[in-house]
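Quick look at coords_24.tsv (TSV, C-alpha atoms and all ligand atoms):
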```
chain	number	residue	atom	x	y	z
A	90	MET	CA	-140.90	-60.00	-3.98
A	91	ILE	CA	-139.81	-60.01	-7.58
A	92	LEU	CA	-136.50	-61.83	-7.93
A	93	VAL	CA	-134.31	-60.76	-10.81
A	94	GLY	CA	-130.94	-62.19	-11.87
A	95	LEU	CA	-128.49	-59.70	-13.34
A	96	THR	CA	-125.56	-60.99	-15.31
A	97	GLY	CA	-123.26	-60.21	-18.22
A	98	GLY	CA	-119.62	-60.41	-19.17
A	99	ILE	CA	-116.80	-58.85	-17.17
A	100	ALA	CA	-116.91	-55.05	-17.33
A	101	SER	CA	-120.14	-55.19	-19.33
A	102	GLY	CA	-121.77	-52.77	-16.90
A	103	LYS	CA	-123.55	-55.03	-14.37
A	104	THR	CA	-122.52	-53.03	-11.31
A	105	THR	CA	-123.59	-49.81	-12.99
A	106	VAL	CA	-127.00	-51.33	-13.83
A	107	ALA	CA	-127.30	-52.64	-10.25
A	108	ARG	CA	-126.49	-49.17	-8.90
A	109	LEU	CA	-129.16	-47.58	-11.11
A	110	LEU	CA	-131.72	-50.18	-9.98
A	111	LYS	CA	-130.74	-49.59	-6.36
A	112	GLN	CA	-131.32	-45.85	-6.80
A	113	ARG	CA	-134.85	-46.74	-7.87
A	114	GLY	CA	-135.45	-48.85	-4.76
A	115	ALA	CA	-134.23	-52.36	-5.55
A	116	THR	CA	-132.38	-54.49	-3.00
A	117	ILE	CA	-129.10	-55.75	-4.46
A	118	ILE	CA	-127.45	-59.06	-3.58
A	119	ASP	CA	-123.93	-58.69	-4.92
A	120	ALA	CA	-122.34	-62.09	-5.60
A	121	ASP	CA	-118.96	-60.50	-6.20
A	122	ARG	CA	-118.98	-58.91	-2.78
A	123	ILE	CA	-120.15	-62.17	-1.20
A	124	GLY	CA	-117.25	-63.84	-3.02
A	125	HIS	CA	-114.87	-61.49	-1.23
A	126	GLU	CA	-116.57	-62.12	2.09
A	127	VAL	CA	-116.34	-65.91	1.91
A	128	MET	CA	-112.60	-65.60	1.19
A	129	ALA	CA	-111.95	-63.09	3.96
A	130	PRO	CA	-110.01	-64.37	6.99
A	131	GLY	CA	-112.50	-66.29	9.11
A	132	GLY	CA	-114.81	-66.68	6.11
A	133	PRO	CA	-115.99	-70.19	5.18
A	134	ALA	CA	-113.76	-70.55	2.10
A	135	TYR	CA	-110.59	-68.89	3.42
A	136	ASP	CA	-108.73	-71.99	4.63
A	137	GLN	CA	-109.52	-73.99	1.51
A	138	VAL	CA	-108.48	-71.17	-0.84
A	139	VAL	CA	-105.18	-70.68	0.99
A	140	GLY	CA	-104.71	-74.45	1.16
A	141	ARG	CA	-105.12	-74.77	-2.61
A	142	PHE	CA	-103.21	-71.68	-3.78
A	143	GLY	CA	-100.62	-71.27	-1.02
A	144	ASN	CA	-99.43	-68.41	1.15
A	145	GLU	CA	-98.11	-66.57	-1.88
A	146	ILE	CA	-101.64	-65.29	-2.60
A	147	LEU	CA	-101.76	-63.58	0.79
A	148	ALA	CA	-101.12	-59.92	1.51
A	149	PRO	CA	-98.95	-59.14	4.56
A	150	ASP	CA	-102.10	-58.68	6.69
A	151	GLY	CA	-103.27	-62.25	5.91
A	152	THR	CA	-106.08	-61.25	3.54
A	153	VAL	CA	-106.25	-62.80	0.07
A	154	ASP	CA	-104.57	-60.49	-2.44
A	155	ARG	CA	-107.14	-60.68	-5.25
A	156	GLN	CA	-104.69	-59.35	-7.85
A	157	LYS	CA	-102.36	-62.26	-7.13
A	158	LEU	CA	-105.16	-64.80	-7.00
A	159	GLY	CA	-106.67	-63.39	-10.22
A	160	ALA	CA	-103.33	-63.68	-12.01
A	161	ILE	CA	-103.25	-67.39	-11.14
A	162	VAL	CA	-106.84	-68.40	-11.82
A	163	PHE	CA	-107.31	-66.43	-15.03
A	164	SER	CA	-104.21	-67.90	-16.62
A	165	ASP	CA	-104.89	-71.54	-15.74
A	166	PRO	CA	-108.29	-73.16	-16.41
A	167	SER	CA	-107.76	-75.92	-13.83
A	168	ALA	CA	-106.89	-73.35	-11.16
A	169	LEU	CA	-110.04	-71.43	-12.11
A	170	SER	CA	-112.22	-74.52	-11.85
A	171	ASP	CA	-110.69	-75.38	-8.46
A	172	HIS	CA	-111.35	-71.84	-7.29
A	173	VAL	CA	-114.95	-72.03	-8.48
A	174	ALA	CA	-115.39	-75.47	-6.87
A	175	ILE	CA	-114.13	-74.13	-3.54
A	176	THR	CA	-115.94	-70.81	-3.42
A	177	HIS	CA	-119.21	-71.32	-5.31
A	178	PRO	CA	-121.01	-73.55	-2.82
A	179	HIS	CA	-120.40	-70.94	-0.11
A	180	ILE	CA	-121.41	-68.05	-2.37
A	181	VAL	CA	-124.59	-69.82	-3.50
A	182	LYS	CA	-125.51	-70.72	0.08
A	183	GLU	CA	-125.15	-67.11	1.15
A	184	ILE	CA	-127.15	-65.86	-1.86
A	185	PHE	CA	-129.97	-68.24	-0.91
A	186	THR	CA	-129.86	-67.07	2.72
A	187	ARG	CA	-130.15	-63.46	1.62
A	188	ILE	CA	-132.98	-64.19	-0.81
A	189	ASP	CA	-134.87	-66.02	1.92
A	190	ALA	CA	-134.46	-63.05	4.23
A	191	GLU	CA	-136.10	-60.84	1.58
A	192	ARG	CA	-138.88	-63.21	0.56
A	193	SER	CA	-141.57	-61.89	2.84
A	194	ARG	CA	-140.88	-58.29	1.80
A	195	ASP	CA	-142.50	-56.52	-1.06
A	196	GLY	CA	-140.18	-55.21	-3.73
A	197	LEU	CA	-137.55	-55.96	-6.30
A	198	VAL	CA	-134.53	-58.05	-5.32
A	199	VAL	CA	-131.65	-58.22	-7.78
A	200	VAL	CA	-128.98	-60.93	-7.65
A	201	ASP	CA	-125.96	-59.41	-9.39
A	202	ALA	CA	-123.76	-62.35	-10.42
A	203	ALA	CA	-121.34	-62.66	-13.31
A	204	LEU	CA	-121.57	-66.43	-13.08
A	205	LEU	CA	-125.33	-66.65	-12.99
A	206	VAL	CA	-125.56	-68.30	-16.37
A	207	GLU	CA	-122.52	-70.55	-16.02
A	208	GLY	CA	-123.14	-71.64	-12.47
A	209	LEU	CA	-126.60	-70.82	-11.33
A	210	ALA	CA	-128.69	-71.28	-14.45
A	211	SER	CA	-128.32	-75.00	-13.94
A	212	ASP	CA	-130.43	-76.75	-11.31
A	213	ARG	CA	-129.60	-74.21	-8.67
A	214	GLY	CA	-130.70	-71.34	-10.91
A	215	LYS	CA	-134.06	-72.99	-11.33
A	216	SER	CA	-134.46	-73.64	-7.64
A	217	MET	CA	-133.55	-70.03	-7.01
A	218	GLY	CA	-136.86	-69.20	-8.65
A	219	LEU	CA	-135.83	-66.19	-10.69
A	220	ASP	CA	-138.78	-64.24	-12.08
A	221	ALA	CA	-136.55	-62.74	-14.76
A	222	LEU	CA	-132.96	-62.84	-15.99
A	223	VAL	CA	-131.42	-59.57	-17.17
A	224	VAL	CA	-128.26	-59.79	-19.26
A	225	VAL	CA	-126.07	-56.74	-19.82
A	226	SER	CA	-124.46	-56.90	-23.20
A	227	ALA	CA	-121.45	-54.91	-24.33
A	228	ASP	CA	-119.01	-54.96	-27.19
A	229	VAL	CA	-116.00	-57.17	-26.35
A	230	GLU	CA	-113.46	-54.55	-27.41
A	231	GLU	CA	-115.28	-51.99	-25.25
A	232	GLN	CA	-115.25	-54.40	-22.27
A	233	ILE	CA	-111.50	-54.84	-22.72
A	234	LYS	CA	-111.00	-51.08	-22.91
A	235	ARG	CA	-113.06	-50.59	-19.71
A	236	MET	CA	-111.02	-53.27	-17.94
A	237	ILE	CA	-107.76	-51.61	-18.97
A	238	ASP	CA	-109.03	-48.11	-18.06
A	239	HIS	CA	-110.90	-48.91	-14.85
A	240	ARG	CA	-109.48	-52.20	-13.59
A	241	ASP	CA	-105.84	-51.49	-14.20
A	242	LEU	CA	-105.32	-54.68	-16.22
A	243	GLN	CA	-102.99	-55.31	-19.14
A	244	GLU	CA	-104.68	-56.14	-22.43
A	245	ASP	CA	-103.69	-59.84	-22.46
A	246	ALA	CA	-104.97	-60.31	-18.90
A	247	ALA	CA	-108.25	-58.60	-19.85
A	248	ARG	CA	-108.64	-60.88	-22.88
A	249	SER	CA	-107.98	-64.05	-20.89
A	250	ARG	CA	-110.61	-63.01	-18.32
A	251	ILE	CA	-113.18	-62.52	-21.05
A	252	SER	CA	-112.40	-65.89	-22.61
A	253	SER	CA	-112.70	-67.67	-19.24
A	254	GLN	CA	-116.41	-66.83	-19.18
A	255	ALA	CA	-119.30	-68.44	-21.04
A	256	ALA	CA	-119.75	-67.21	-24.59
A	257	PRO	CA	-122.01	-64.14	-24.68
A	258	GLU	CA	-124.50	-66.00	-26.90
A	259	LYS	CA	-125.17	-68.46	-24.09
A	260	LYS	CA	-126.01	-65.66	-21.70
A	261	LEU	CA	-128.13	-63.85	-24.25
A	262	ALA	CA	-130.07	-67.02	-25.08
A	263	ALA	CA	-131.04	-67.36	-21.43
A	264	ALA	CA	-132.10	-63.71	-21.04
A	265	ASP	CA	-135.60	-62.37	-20.48
A	266	TYR	CA	-134.25	-58.83	-20.86
A	267	VAL	CA	-131.11	-57.72	-22.67
A	268	ILE	CA	-129.64	-54.36	-21.71
A	269	ASP	CA	-127.51	-53.14	-24.58
A	270	ASN	CA	-124.56	-51.25	-23.07
A	271	ARG	CA	-122.70	-50.33	-26.23
A	272	GLY	CA	-123.72	-46.69	-25.92
A	273	SER	CA	-123.11	-43.92	-23.41
A	274	LEU	CA	-123.88	-43.96	-19.69
A	275	GLU	CA	-126.91	-41.77	-20.48
A	276	ASP	CA	-128.17	-44.42	-22.91
A	277	LEU	CA	-127.66	-47.03	-20.20
A	278	GLU	CA	-129.64	-45.01	-17.69
A	279	ARG	CA	-132.54	-44.74	-20.14
A	280	SER	CA	-132.50	-48.52	-20.73
A	281	VAL	CA	-132.49	-49.17	-17.00
A	282	GLU	CA	-135.43	-46.82	-16.51
A	283	THR	CA	-137.40	-48.77	-19.15
A	284	LEU	CA	-136.43	-52.05	-17.48
A	285	TRP	CA	-137.45	-50.73	-14.08
A	286	GLN	CA	-140.87	-49.63	-15.36
A	287	ASP	CA	-141.42	-53.00	-16.96
A	288	LEU	CA	-140.44	-54.90	-13.82
A	289	MET	CA	-142.67	-52.67	-11.72
A	290	ASN	CA	-145.62	-53.31	-14.04
A	291	ARG	CA	-144.91	-57.00	-13.77
A	292	HIS	CA	-144.79	-56.73	-10.01
A	293	GLU	CA	-148.09	-54.86	-9.90
A	294	SER	CA	-149.85	-57.40	-12.07
A	295	GLN	CA	-148.50	-60.22	-9.87
A	296	THR	CA	-149.71	-58.66	-6.65
A	297	ARG	CA	-153.04	-57.48	-8.06
A	301	LIG	P1	-117.10	-56.55	-13.36
A	301	LIG	O1	-117.47	-57.75	-14.15
A	301	LIG	O2	-115.62	-56.29	-13.40
A	301	LIG	O3	-117.67	-56.52	-11.97
A	301	LIG	P2	-119.24	-54.89	-14.34
A	301	LIG	O4	-119.88	-55.70	-15.41
A	301	LIG	O5	-119.94	-54.82	-13.03
A	301	LIG	O6	-117.74	-55.29	-14.15
A	301	LIG	P3	-119.16	-52.02	-14.28
A	301	LIG	O7	-118.30	-51.98	-13.08
A	301	LIG	O8	-120.58	-51.57	-14.17
A	301	LIG	O9	-119.10	-53.46	-14.98
A	301	LIG	O10	-118.50	-51.19	-15.48
A	301	LIG	C1	-117.09	-51.27	-15.75
A	301	LIG	C2	-116.55	-49.86	-15.91
A	301	LIG	O11	-117.05	-49.33	-17.13
A	301	LIG	C3	-116.99	-48.93	-14.80
A	301	LIG	O12	-115.93	-48.08	-14.47
A	301	LIG	C4	-118.16	-48.16	-15.41
A	301	LIG	O13	-118.29	-46.85	-14.88
A	301	LIG	C5	-117.77	-48.13	-16.89
A	301	LIG	N1	-118.96	-48.12	-17.76
A	301	LIG	C6	-120.03	-48.95	-17.70
A	301	LIG	N2	-120.91	-48.67	-18.69
A	301	LIG	C7	-120.39	-47.64	-19.38
A	301	LIG	C8	-120.81	-46.88	-20.53
A	301	LIG	N3	-121.95	-47.15	-21.16
A	301	LIG	N4	-119.99	-45.91	-20.96
A	301	LIG	C9	-118.82	-45.65	-20.34
A	301	LIG	N5	-118.34	-46.30	-19.27
A	301	LIG	C10	-119.11	-47.29	-18.79
```
Have the structure of the file written as structure tokens, please.
Amino acid sequence: MILVGLTGGIASGKTTVARLLKQRGATIIDADRIGHEVMAPGGPAYDQVVGRFGNEILAPDGTVDRQKLGAIVFSDPSALSDHVAITHPHIVKEIFTRIDAERSRDGLVVVDAALLVEGLASDRGKSMGLDALVVVSADVEEQIKRMIDHRDLQEDAARSRISSQAAPEKKLAAADYVIDNRGSLEDLERSVETLWQDLMNRHESQTR
């Protein structure tokens, strides 16, 4: 197994890169999706999240309304850090479980996690044993435009989400590979193909 971390700012293009890697045969562990699962009713973080943020974050069916929760945590740093403190241990645990399940298999496993640099690049990131960290880099104004166009956010909400994350320089400094996503989707696909070839070569030389 080659274990690759994939990170980058909000709306930088991580999910698109993950999709392109999946098309080429990679297994994707999606931290965002795991984040939804741990907060789902019956999930390990549900009671604590509702306990901290109250019933007003719930949809009528009892699920967490992520728009409502997002509006709270991205406008209040202490709410965000509480949310991270509640959910991250569960997310990390599940990521580790899924990595362990893949360990004996041959192939590329990608952990797609926006918070990989902030949260996991610390001790846990090291113990995760990443073979490589890929950072997707985009222009901030372009990220904001993509959030407004595709995520249905107002501009000020988009800006506060960007500023709640680690500075891009920190992510870039930790990167083994930087995917520049300031161009078109076709440009992105070409960059991912180059990345894939490189990772495959690496994999071959490791298993040789
Ligand atoms: P999030 O942090 O919100 O999960 P993300 O980093 O995973 O976002 P994507 O979902 O891959 O980002 O991309 C955000 C949106 O921008 C998507 O709708 C995607 O199709 C679009 N997008 C990504 N890259 C490009 C590009 N190079 N040109 C045009 N649109 C793009």
With ligand LIG 301 (chain A) as the partner and 8 Å as the cut-off, tabulate the residues of chain A that qualify, each row holding the nearest pair of atoms and their distance in Å to one decimal, using all atoms listed in the file, sorted by chain and rising number, as JSON lines.
```
{"residue": "A:Thr96", "atom": "CA", "partner": "A:LIG301", "partner_atom": "O4", "distance": 7.8}
{"residue": "A:Gly97", "atom": "CA", "partner": "A:LIG301", "partner_atom": "O4", "distance": 6.3}
{"residue": "A:Gly98", "atom": "CA", "partner": "A:LIG301", "partner_atom": "O4", "distance": 6.0}
{"residue": "A:Ile99", "atom": "CA", "partner": "A:LIG301", "partner_atom": "O1", "distance": 3.3}
{"residue": "A:Ala100", "atom": "CA", "partner": "A:LIG301", "partner_atom": "O6", "distance": 3.3}
{"residue": "A:Ser101", "atom": "CA", "partner": "A:LIG301", "partner_atom": "O4", "distance": 4.0}
{"residue": "A:Gly102", "atom": "CA", "partner": "A:LIG301", "partner_atom": "O8", "distance": 3.2}
{"residue": "A:Lys103", "atom": "CA", "partner": "A:LIG301", "partner_atom": "O5", "distance": 3.9}
{"residue": "A:Thr104", "atom": "CA", "partner": "A:LIG301", "partner_atom": "O5", "distance": 3.6}
{"residue": "A:Thr105", "atom": "CA", "partner": "A:LIG301", "partner_atom": "O8", "distance": 3.7}
{"residue": "A:Val106", "atom": "CA", "partner": "A:LIG301", "partner_atom": "O8", "distance": 6.4}
{"residue": "A:Ala107", "atom": "CA", "partner": "A:LIG301", "partner_atom": "O8", "distance": 7.9}
{"residue": "A:Asp121", "atom": "CA", "partner": "A:LIG301", "partner_atom": "O3", "distance": 7.1}
{"residue": "A:Ala203", "atom": "CA", "partner": "A:LIG301", "partner_atom": "O1", "distance": 6.3}
{"residue": "A:Val225", "atom": "CA", "partner": "A:LIG301", "partner_atom": "O4", "distance": 7.7}
{"residue": "A:Gln232", "atom": "CA", "partner": "A:LIG301", "partner_atom": "O11", "distance": 7.4}
{"residue": "A:Arg235", "atom": "CA", "partner": "A:LIG301", "partner_atom": "O11", "distance": 4.9}
{"residue": "A:Met236", "atom": "CA", "partner": "A:LIG301", "partner_atom": "C1", "distance": 6.8}
{"residue": "A:Asp238", "atom": "CA", "partner": "A:LIG301", "partner_atom": "O12", "distance": 7.8}
{"residue": "A:His239", "atom": "CA", "partner": "A:LIG301", "partner_atom": "O12", "distance": 5.1}
{"residue": "A:Arg240", "atom": "CA", "partner": "A:LIG301", "partner_atom": "O2", "distance": 7.4}
{"residue": "A:Asn270", "atom": "CA", "partner": "A:LIG301", "partner_atom": "N3", "distance": 5.2}
{"residue": "A:Arg271", "atom": "CA", "partner": "A:LIG301", "partner_atom": "N3", "distance": 6.0}
{"residue": "A:Gly272", "atom": "CA", "partner": "A:LIG301", "partner_atom": "N3", "distance": 5.1}
{"residue": "A:Ser273", "atom": "CA", "partner": "A:LIG301", "partner_atom": "N3", "distance": 4.1}
{"residue": "A:Leu274", "atom": "CA", "partner": "A:LIG301", "partner_atom": "N3", "distance": 4.0}
{"residue": "A:Glu275", "atom": "CA", "partner": "A:LIG301", "partner_atom": "N3", "distance": 7.3}
{"residue": "A:Asp276", "atom": "CA", "partner": "A:LIG301", "partner_atom": "N3", "distance": 7.0}
{"residue": "A:Leu277", "atom": "CA", "partner": "A:LIG301", "partner_atom": "N3", "distance": 5.8}
```
Counting only C-alpha atoms, the residue of A:Arg297, A:Arg250, A:Lys260, A:His177 that sits nearest A:His125: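 Checking each candidate against A:His125, we get A:His177 as the closest.
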Per-residue nearest contacts stretch 225-291 of chain A to stretch 150-171 of chain A, cut-off 8 Å, using only C-alpha atoms, as CSV:
```
residue,atom,partner,partner_atom,distance
A:Ala246,CA,A:Phe163,CA,7.6
A:Ser249,CA,A:Phe163,CA,6.4
A:Arg250,CA,A:Phe163,CA,5.8
A:Ser253,CA,A:Phe163,CA,7.0
```
Among listed residues A:Val267, A:Ala227, A:Ala247, A:Val198, nearest A:Arg113 (using all atoms listed in the file): A:Val198
Near-A:His172 list (9 Å; only C-alpha atoms; drop same-chain fewer than 6 positions) as a list in words: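 Residues near the query, excluding close chain neighbours: Val138, Arg141, Phe142 and Val162 of chain A.
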Counting all atoms listed in the file, the residue of A:Leu110, A:Asp195, A:Ile188, A:Ile233 that sits nearest A:Thr296: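 Distance minimum relative to A:Thr296 lands on A:Asp195.
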Distance of atom CA of A:Leu109 from atom CA of A:Glu278, expressed in Å to one decimal place: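 According to the coordinates, atom CA of A:Glu278 and atom CA of A:Leu109 are separated by 7.1 Å.
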Among the residues A:Met128, A:Val200, A:Ala264, A:Val223, the one that comes closest to A:Ser280 [using all atoms listed in the file]: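 Of A:Met128, A:Val200, A:Ala264, A:Val223, the one nearest A:Ser280, counting all atoms listed in the file, is A:Val223.
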Atomic separation - atom CA of A:Leu242 relative to atom CA of A:Asp119, Å: 22.1 Å
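A straight line drawn from atom CA of A:Gln137 to atom CA of A:Arg122 is 18.3 Å long.
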Pick from A:Pro257, A:Gly114, A:Gly143, A:Pro133 nearest to A:Ser226, counting all atoms listed in the file: A:Pro257
Expected axis-aligned box over every listed atom of stretch 229-235 of chain A, 5 Å added per side, centre plus edges in Å to one decimal, as AutoDock Vina command-line options:
```
--center_x -113.5 --center_y -53.9 --center_z -23.6 --size_x 15.0 --size_y 16.6 --size_z 17.7
```
